[in-house]
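J.: Attaching a single structure in structure tokens format; questions to follow.
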Amino acid sequence: MLIDRIEAQKNPTKHTLVAIVENKPGVLNRVASLMRRRNFNIESLAVGTTEDPTISRMTIVIDASKTNAALVERNLYKLVNVIDVQDLTDVPSVVRELALIKVRISDAQHRGEIKQIADMFQSRIVDVAKDSCIIEVTGEEQKVDSMLRVLEDYGILEVVRTGRIAMARG
Amino acid sequence: MKLTGAQIIWESLIQQGVEVVFGYPGGAILPTYDALVDYQDRIRHVLVRHEENAALAADAYFRATGKVGVCMATSGPGALNLVTGLANAMMDSSAVVAITGQVASHLVGTDAFQETDVTGVTLPITKHNYLVMNIEELPQVLAEAFYIARTGRPGPVLIDVCKDVQQKMIDYKPVTEVKLRGYRAVKPMGKQNLPLLLQRAKELIDHARRPIILAGQGIKHANAHEEFREFVEKSGIPVATTLLGIGVLSEDHPLNLRMMGMHGEAYVNMAIANADLLIALGMRFDDRVTGNLKTYAKNARVIHVDIDPAEINKNVPADVGIVGNLKDVLRQLTPMIEKRSYPAWLEQINEWRADTLARDIMQVEFPDHMLLAPHVMRMIWEETNGECTVCTDVGQHQMWETQYFVHKRKNQLITSGGLGTMGFGVPAAIGAKIGRPQDEVWAIVGDGGFQMSIPELATIVQEKLDIKIAIINNNFLGMVRQWQELMHNKRYSAVEMWTPDFVKLAEAYGICGLRAKTRSEAREAIRIAREHEGPVLIEFQVEKETNVFPMVQPGKSLSEMTRRPVIQPAALGGGMDFLKGKE
């Protein structure tokens with residue numbers, strides 16, 4: 001717990017915080033309000049339920065070059081509805097993001113190419129229309145990023161990403 | 001026992017030991033005020049004249065007694081008027097529970113009459129808040145609110161209770177246990193190795209040659225005055241206090257250097273600037289305390305103890321950061337350290353102090369007609385034998401109070417620190433007098449702040465509160481004027497103030513009103529006020545354009561203070577000019 005601000009500045013990486021919170025009305029608002037009023041920069045925030053219906057889990061990604069992640073962690077920790085906060089940045093963990101990508105299909109040849117690309121990324125085509133399709137891809141953000149780059153040439157019509165979710169291994 | 005929500009509110013307050021509620025009724029809180037009729041013999045309700053003052057009085061009541069202050073208001077405008085007071089309690093860590101009425105639950109979200117999203121509005125200025133739409137939750141929420149408000153780092157908690165919840169009935173059982181999954185009074189991040197941290201702190205203390213203790217309000221909240229004094233006396237380390245830390249150690253204690261920061265005495269700030277170890281206890285390195293952070297105590301290692309984990313490393317990185325209750329921490333740390341003294345270091349500080357004494361305007365023999373605000377502070381201190389509780393407003397008079405009133409008693413000064421809320425002084429005196437009925441209570445206020453709280457004179461009369469109000473009238477918003485003079489080339493903008501005839505105003509309220517224009521009149525007025533039973537208002541007409549010095553201007557380092565000039569015997573010949581500061 002010593003001098004964590006200085007250490008955070010030394011490693012300008014993305015920090016992944018997981019907050020275990022009580023599943024009560026307004027909790028997301030409390031977390032979001034905290035980020036805004038403390039001027040914390042967050043890259044993504046994903047919320048969902050857990051095995052315990054009274055508990056939700058938030059995965060928050062912070063750009064540590066802009067924001068002191070340790071301070072975010074401590075401020076989150078102070079919230080009455082927050083049960084625990086874990087910093088998974090340096091903990092072996094499984095990190096995933098899901099994205100839906102709608103790609104333009106201009107001709108039949110493209111359809112085949114896109115199918116191949118989807119297979120290479122171990123992703124699935126979940127909707128096919130006359131002139132577009134939707135690909136569902138899961139993985140770490142870099143994988144989604146590189147898939148987007150590959151698909152760029154075909155014409156990306158729409159993208160939605162869930163933001164990072166993470167869980168410590170073991 | 002079948003009770004309505006309204007009755008449950010009062011039952012819970014009584015169970016929590018609440019003796020007084022500061023409030024103002026209205027539509028959405030009507031059922032609770034109706035139930036109050038049957039509880040009036042057990043709880044005192046103080047009808048304020050503006051809800052903001054209910055929150056401020058509740059805040060001051062907490063500071064005066066250590067017991068949770070309670071305020072109450074109706075929905076919409078009533079609750080919104082609490083906002084400044086709640087923010088004040090949040091910034092200064094005061095345990096306050098605010099109970100507000102809300103429109104009936106089926107109307108929530110419909111823009112009903114006097115509906116405001118009060119939990120939304122107060123989210124960033126409360127430690128926690130609740131919207132109660134279901135009566136089953138109400139007893140538990142009330143118990144939780146008090147527990148959260150008073151434990152850990154104290155703070156305000158707001159409970160917004162829908163009108164139908166106040167009216168519904170349930171079988172009520174007093175709540176004896178609070179179960180909060182995420183909340184603990186002391187909650188360090190992860191596992192804190194306290195013995196190791198204490199050992200490191202001890203080593204830093206052992207190796208220090210110019211250490212200084214920075215004492216804040218956390219010591220008061222932990223009720224650790226005794227433990228703190230023992231630590232100070234054993235360690236032999238001099239103490240500087242924050243504004244809110246005034247009163248954690250008697251100001252005539254030889255090791256108490258007194259207040260630090262923007263208007264702290266120069267020798268205190270010099271000691272901090274030259275220290276090699278800061279031991280920060282229950283304080284948060286506010287910008288008014290540190291000045292420019294880049295140059296703040298550059299050569300010092302830092303031990304920081306606070307109950308709030310988010311304060312450690314927030315402004316000043318700590319070499320040793322400990323999250324804990326100061327009573328517990330000091331009880332463990334004091335036996336570990338060696339009994340020491342720092343003669344060379346104290347001699348250095350005394351050298352700086354001698355320079356400050358050479359600039360002490362109290363040594364100047366002014367002509368009688370020259371009444372300065374510092375004179376008033378010193379006279380009130382002398383006449384009351386330094387024994388009264390002082391509530392100040394915000395501004396120049398507040399800083400002069402800290403400089404010229406020597407606080408010997410525990411928690412003697414009640415003042416708005418972090419938020420700097422003008423209009424705090426009078427409602428604070430109401431809260432303090434009710435909390436400390438045996439005490440002589442003085443509200444020392446400026447002409448600006450007082451004009452924000454004039455309506456509360458009616459509350460003082462109605463509640464028969466023996467409060468002495470000292471208005472330091474310079475017909476200016478003095479601190480703003482000082483900044484305009486020093487930092488905006490004396491371009492005065494909206495700081496000159498016409499004031500009413502305060503004596504007649506007091507008389508209109510049936511309060512004894514006095515006016516003093518000279519030093520002898522000032523002393524006489526204070527004497528009369530003290531002899532008079534009941535509230536007294538004194539207007540002190542002081543010299544208009546004097547400044548509070550020393551001053552660390554914003555963005556400057558602690559060592560770059562604008563000082564009081566050294567007093568030359570011929571100075572008086574030049575009129576007031578010698579009161580202007582010099583770099």
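Chain labels follow the order of the structure tokens: the first chain is A, the next B, and so on; residue numbering restarts at 1 in every chain, and ligands are counted from 1 in their shown order.
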Using only C-alpha atoms, which residues sit within 12 Å of stretch 64-75 of chain A once same-chain residues fewer than 5 positions away are excluded, as a PyMOL selection string?

T.: (chain A and resi 1-20+30-43+59+80-82+84-89) or (chain B and resi 127+187-190+307-315+317+323)

J.: With a distance cut-off of 9 Å and only C-alpha atoms, select the neighbouring residues of B:Gly395, excluding the residue or stretch itself and same-chain residues fewer than 4 positions from it, and output the selection as a list in words.

T.: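 The neighbour list is Met399, Trp400, Gly420, Met422, Val445, Gly446, Gly449, Leu477, Gly478, Met479 and Val480 of chain B.
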
J.: DSSP on the backbone: which residues in stretch 369-546 of chain B end up as strand (DSSP E)? Give the answer as a PyMOL selection string.

T.: chain B and resi 389-392+413-414+441-446+467-473+512-516+536-541

J.: Rounded to one decimal in Å, what is the spacing between atom CA of A:Ala166 and atom CA of A:Arg96?

T.: 6.3 Å

J.: Name the residues of stretch 117-328 of chain B that come out as helix (DSSP H, G or I) in a backbone DSSP run; write them as a VMD selection string.

T.: chain B and resid 118 to 125 135 to 150 163 to 167 194 to 207 218 to 221 225 to 235 266 to 273 287 to 290 293 to 295 309 to 311 326 to 328

J.: Write out as a tab-separated table (two decimals) with all heavy atoms, in the first residue's frame each polymer residue whose atoms come within 8 Å of B:Phe228, counting only C-alpha atoms; drop sequence neighbours fewer than 3 positions from it.

T.:
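part.tsv, written as the output of this step:
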```tsv
chain	number	residue	atom	x	y	z
B	219	ILE	N	-8.33	13.11	15.11
B	219	ILE	CA	-8.02	12.84	16.52
B	219	ILE	C	-9.25	13.09	17.37
B	219	ILE	O	-9.58	12.32	18.27
B	219	ILE	CB	-6.85	13.74	16.97
B	219	ILE	CG1	-5.58	13.36	16.19
B	219	ILE	CG2	-6.62	13.63	18.48
B	219	ILE	CD1	-4.48	14.40	16.28
B	224	ALA	N	-9.42	10.80	20.75
B	224	ALA	CA	-8.09	10.32	21.13
B	224	ALA	C	-7.24	11.47	21.68
B	224	ALA	O	-6.01	11.44	21.54
B	224	ALA	CB	-7.41	9.67	19.93
B	225	HIS	N	-7.86	12.47	22.29
B	225	HIS	CA	-7.11	13.63	22.79
B	225	HIS	C	-6.00	13.19	23.76
B	225	HIS	O	-4.87	13.65	23.69
B	225	HIS	CB	-8.04	14.62	23.49
B	225	HIS	CG	-9.13	15.16	22.61
B	225	HIS	ND1	-10.23	14.40	22.26
B	225	HIS	CD2	-9.28	16.35	22.01
B	225	HIS	CE1	-11.01	15.13	21.48
B	225	HIS	NE2	-10.48	16.31	21.31
B	231	PHE	N	1.34	10.81	23.11
B	231	PHE	CA	2.23	10.60	21.98
B	231	PHE	C	3.13	11.83	21.77
B	231	PHE	O	4.34	11.71	21.59
B	231	PHE	CB	1.41	10.32	20.71
B	231	PHE	CG	2.25	10.22	19.46
B	231	PHE	CD1	3.07	9.13	19.25
B	231	PHE	CD2	2.22	11.23	18.51
B	231	PHE	CE1	3.85	9.03	18.10
B	231	PHE	CE2	2.99	11.15	17.36
B	231	PHE	CZ	3.82	10.04	17.16
B	232	VAL	N	2.51	13.01	21.85
B	232	VAL	CA	3.25	14.25	21.64
B	232	VAL	C	4.31	14.40	22.73
B	232	VAL	O	5.49	14.68	22.44
B	232	VAL	CB	2.29	15.46	21.66
B	232	VAL	CG1	3.08	16.77	21.69
B	232	VAL	CG2	1.37	15.43	20.45
B	248	VAL	N	-7.54	19.79	19.46
B	248	VAL	CA	-7.16	18.41	19.78
B	248	VAL	C	-6.02	18.38	20.80
B	248	VAL	O	-5.79	17.37	21.46
B	248	VAL	CB	-6.77	17.58	18.53
B	248	VAL	CG1	-7.94	17.49	17.56
B	248	VAL	CG2	-5.55	18.14	17.84
B	249	LEU	N	-5.35	19.53	20.94
B	249	LEU	CA	-4.32	19.68	21.98
B	249	LEU	C	-4.38	21.15	22.39
B	249	LEU	O	-4.48	22.02	21.54
B	249	LEU	CB	-2.94	19.35	21.40
B	249	LEU	CG	-1.74	19.44	22.36
B	249	LEU	CD1	-1.80	18.30	23.38
B	249	LEU	CD2	-0.43	19.37	21.58
B	327	LYS	N	-7.20	6.40	17.92
B	327	LYS	CA	-7.08	5.95	19.30
B	327	LYS	C	-6.31	4.63	19.33
B	327	LYS	O	-5.35	4.46	20.08
B	327	LYS	CB	-8.48	5.78	19.91
B	327	LYS	CG	-8.53	5.89	21.41
B	327	LYS	CD	-9.97	5.73	21.89
B	327	LYS	CE	-10.08	6.02	23.37
B	327	LYS	NZ	-10.36	7.41	23.69
B	330	LEU	N	-2.56	5.15	17.96
B	330	LEU	CA	-1.66	5.82	18.90
B	330	LEU	C	-1.38	4.96	20.13
B	330	LEU	O	-0.28	4.96	20.66
B	330	LEU	CB	-2.24	7.18	19.31
B	330	LEU	CG	-2.22	8.25	18.20
B	330	LEU	CD1	-2.94	9.50	18.66
B	330	LEU	CD2	-0.80	8.57	17.76
```

J.: Need the shell around B:Ile511: protein/DNA/RNA residues with any atom at most 8 Å away, counting only C-alpha atoms. Skip same-chain ones fewer than 4 positions apart. Format as a ChimeraX atom specification?

T.: /B:461,506-507,534-537

J.: Do a neighbour search on stretch 130-136 of chain A at 6 Å with only C-alpha atoms, toss out local chain neighbours closer than 4 positions, and write the hits as a list in words.

T.: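 Everything that qualifies: Ala99, Leu100, Ile101, Lys102, Val103, Arg104, Ile105, Ser123, Arg124, Ile125 and Val126 of chain A.
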
J.: Next, dump the selected residues to file, keeping only N, CA and C atoms, as an mmCIF file, in the first residue's frame.

T.:
```
data_model
loop_
_atom_site.group_PDB
_atom_site.id
_atom_site.type_symbol
_atom_site.label_atom_id
_atom_site.label_comp_id
_atom_site.auth_asym_id
_atom_site.auth_seq_id
_atom_site.Cartn_x
_atom_site.Cartn_y
_atom_site.Cartn_z
ATOM 1 N N ALA A 99 -18.049 -8.750 -28.726
ATOM 2 C CA ALA A 99 -18.435 -7.673 -29.640
ATOM 3 C C ALA A 99 -19.354 -8.221 -30.710
ATOM 4 N N LEU A 100 -20.295 -7.405 -31.126
ATOM 5 C CA LEU A 100 -21.117 -7.716 -32.297
ATOM 6 C C LEU A 100 -20.699 -6.732 -33.383
ATOM 7 N N ILE A 101 -20.375 -7.286 -34.557
ATOM 8 C CA ILE A 101 -19.885 -6.439 -35.650
ATOM 9 C C ILE A 101 -20.771 -6.672 -36.877
ATOM 10 N N LYS A 102 -21.400 -5.594 -37.333
ATOM 11 C CA LYS A 102 -22.215 -5.731 -38.548
ATOM 12 C C LYS A 102 -21.369 -5.281 -39.747
ATOM 13 N N VAL A 103 -21.153 -6.206 -40.704
ATOM 14 C CA VAL A 103 -20.260 -5.937 -41.835
ATOM 15 C C VAL A 103 -21.081 -5.890 -43.125
ATOM 16 N N ARG A 104 -20.700 -4.962 -43.995
ATOM 17 C CA ARG A 104 -21.372 -4.872 -45.294
ATOM 18 C C ARG A 104 -20.949 -6.049 -46.182
ATOM 19 N N ILE A 105 -21.891 -6.600 -46.930
ATOM 20 C CA ILE A 105 -21.566 -7.629 -47.921
ATOM 21 C C ILE A 105 -21.941 -7.058 -49.286
ATOM 22 N N SER A 123 -14.849 -16.973 -34.342
ATOM 23 C CA SER A 123 -16.076 -16.248 -34.023
ATOM 24 C C SER A 123 -17.202 -16.804 -34.889
ATOM 25 N N ARG A 124 -18.414 -16.311 -34.633
ATOM 26 C CA ARG A 124 -19.578 -16.890 -35.303
ATOM 27 C C ARG A 124 -20.335 -15.811 -36.055
ATOM 28 N N ILE A 125 -20.907 -16.234 -37.174
ATOM 29 C CA ILE A 125 -21.825 -15.322 -37.855
ATOM 30 C C ILE A 125 -23.213 -15.622 -37.300
ATOM 31 N N VAL A 126 -23.810 -14.632 -36.684
ATOM 32 C CA VAL A 126 -25.063 -14.905 -35.961
ATOM 33 C C VAL A 126 -26.274 -14.337 -36.701
#
```

J.: Between atom CA of B:Gln217 and atom CA of B:His407, measure the distance and give it in Å to one decimal.

T.: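 Straight-line distance from atom CA of B:Gln217 to atom CA of B:His407 works out to 14.5 Å.
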
J.: Could you pull the residues within 8 Å of B:Leu255, counting only C-alpha atoms, minus those fewer than 2 positions along the same chain, as a PyMOL selection string?

T.: chain B and resi 232-233+236-239+253+257

J.: Would you save the residues from that selection as a short mmCIF file (atom, residue, chain, number, x, y, z; two decimals), in the first residue's frame, using all heavy atoms?

T.:
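Output contents, as saved in out_28.cif:
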```
data_model
loop_
_atom_site.label_atom_id
_atom_site.label_comp_id
_atom_site.auth_asym_id
_atom_site.auth_seq_id
_atom_site.Cartn_x
_atom_site.Cartn_y
_atom_site.Cartn_z
N VAL B 232 2.51 13.01 21.85
CA VAL B 232 3.25 14.25 21.64
C VAL B 232 4.31 14.40 22.73
O VAL B 232 5.49 14.68 22.44
CB VAL B 232 2.29 15.46 21.66
CG1 VAL B 232 3.08 16.77 21.69
CG2 VAL B 232 1.37 15.43 20.45
N GLU B 233 3.91 14.18 23.97
CA GLU B 233 4.84 14.42 25.07
C GLU B 233 5.97 13.40 25.10
O GLU B 233 7.11 13.73 25.41
CB GLU B 233 4.07 14.48 26.40
CG GLU B 233 3.30 15.80 26.48
CD GLU B 233 2.34 15.89 27.66
OE1 GLU B 233 2.23 14.91 28.43
OE2 GLU B 233 1.70 16.95 27.80
N GLY B 236 8.15 14.14 21.95
CA GLY B 236 8.80 15.45 22.00
C GLY B 236 8.71 16.21 20.69
O GLY B 236 9.44 17.17 20.46
N ILE B 237 7.80 15.79 19.83
CA ILE B 237 7.71 16.37 18.48
C ILE B 237 6.69 17.52 18.49
O ILE B 237 5.59 17.37 19.00
CB ILE B 237 7.30 15.30 17.46
CG1 ILE B 237 8.35 14.18 17.45
CG2 ILE B 237 7.14 15.90 16.07
CD1 ILE B 237 7.99 12.99 16.60
N PRO B 238 7.07 18.68 17.92
CA PRO B 238 6.13 19.80 17.87
C PRO B 238 4.93 19.50 16.97
O PRO B 238 5.02 18.69 16.06
CB PRO B 238 6.97 20.95 17.31
CG PRO B 238 8.11 20.31 16.61
CD PRO B 238 8.38 19.02 17.33
N VAL B 239 3.84 20.19 17.26
CA VAL B 239 2.55 19.92 16.60
C VAL B 239 2.07 21.16 15.86
O VAL B 239 2.08 22.26 16.42
CB VAL B 239 1.48 19.55 17.67
CG1 VAL B 239 0.12 19.31 17.01
CG2 VAL B 239 1.91 18.34 18.48
N HIS B 253 -0.15 24.42 25.13
CA HIS B 253 0.82 23.34 25.32
C HIS B 253 2.14 23.75 24.66
O HIS B 253 2.14 24.23 23.52
CB HIS B 253 0.30 22.06 24.70
CG HIS B 253 1.08 20.84 25.08
ND1 HIS B 253 2.33 20.57 24.55
CD2 HIS B 253 0.81 19.83 25.94
CE1 HIS B 253 2.78 19.45 25.07
NE2 HIS B 253 1.88 18.97 25.92
N LEU B 257 2.44 24.30 18.19
CA LEU B 257 2.81 25.51 17.44
C LEU B 257 1.58 26.27 16.96
O LEU B 257 1.67 27.41 16.56
CB LEU B 257 3.67 25.14 16.23
CG LEU B 257 4.92 24.29 16.50
CD1 LEU B 257 5.64 24.02 15.19
CD2 LEU B 257 5.84 25.00 17.48
#
```

J.: Which neighbours of A:Glu140 fall inside 8 Å, counting only C-alpha atoms, when residues of the same chain fewer than 6 positions from it are skipped, and could you give them as a list of chain:residue names?

T.: A:Val95, A:Arg96, A:Glu97, A:Arg164

J.: Limited to N, CA, C and O atoms, could you put the picked residues into a file as a CSV table (one decimal), in the first residue's frame?

T.:
```csv
chain,number,residue,atom,x,y,z
A,95,VAL,N,-9.6,-12.7,-19.2
A,95,VAL,CA,-10.2,-11.5,-19.5
A,95,VAL,C,-10.9,-11.6,-20.9
A,95,VAL,O,-10.3,-12.2,-21.8
A,96,ARG,N,-12.1,-11.2,-20.9
A,96,ARG,CA,-12.9,-11.3,-22.2
A,96,ARG,C,-13.7,-10.1,-22.4
A,96,ARG,O,-14.1,-9.4,-21.6
A,97,GLU,N,-13.9,-10.0,-23.8
A,97,GLU,CA,-14.9,-9.0,-24.2
A,97,GLU,C,-15.7,-9.6,-25.3
A,97,GLU,O,-15.2,-10.4,-26.0
A,164,ARG,N,-14.6,-4.9,-21.0
A,164,ARG,CA,-13.9,-6.0,-20.5
A,164,ARG,C,-14.6,-6.6,-19.3
A,164,ARG,O,-15.2,-5.9,-18.4
```

J.: Given only C-alpha atoms as the basis, pick out the residue of B:Arg258, B:Lys202, B:His50, B:Arg564 nearest to B:Thr74.

T.: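 Among the listed residues, the smallest separation from B:Thr74 belongs to B:His50.
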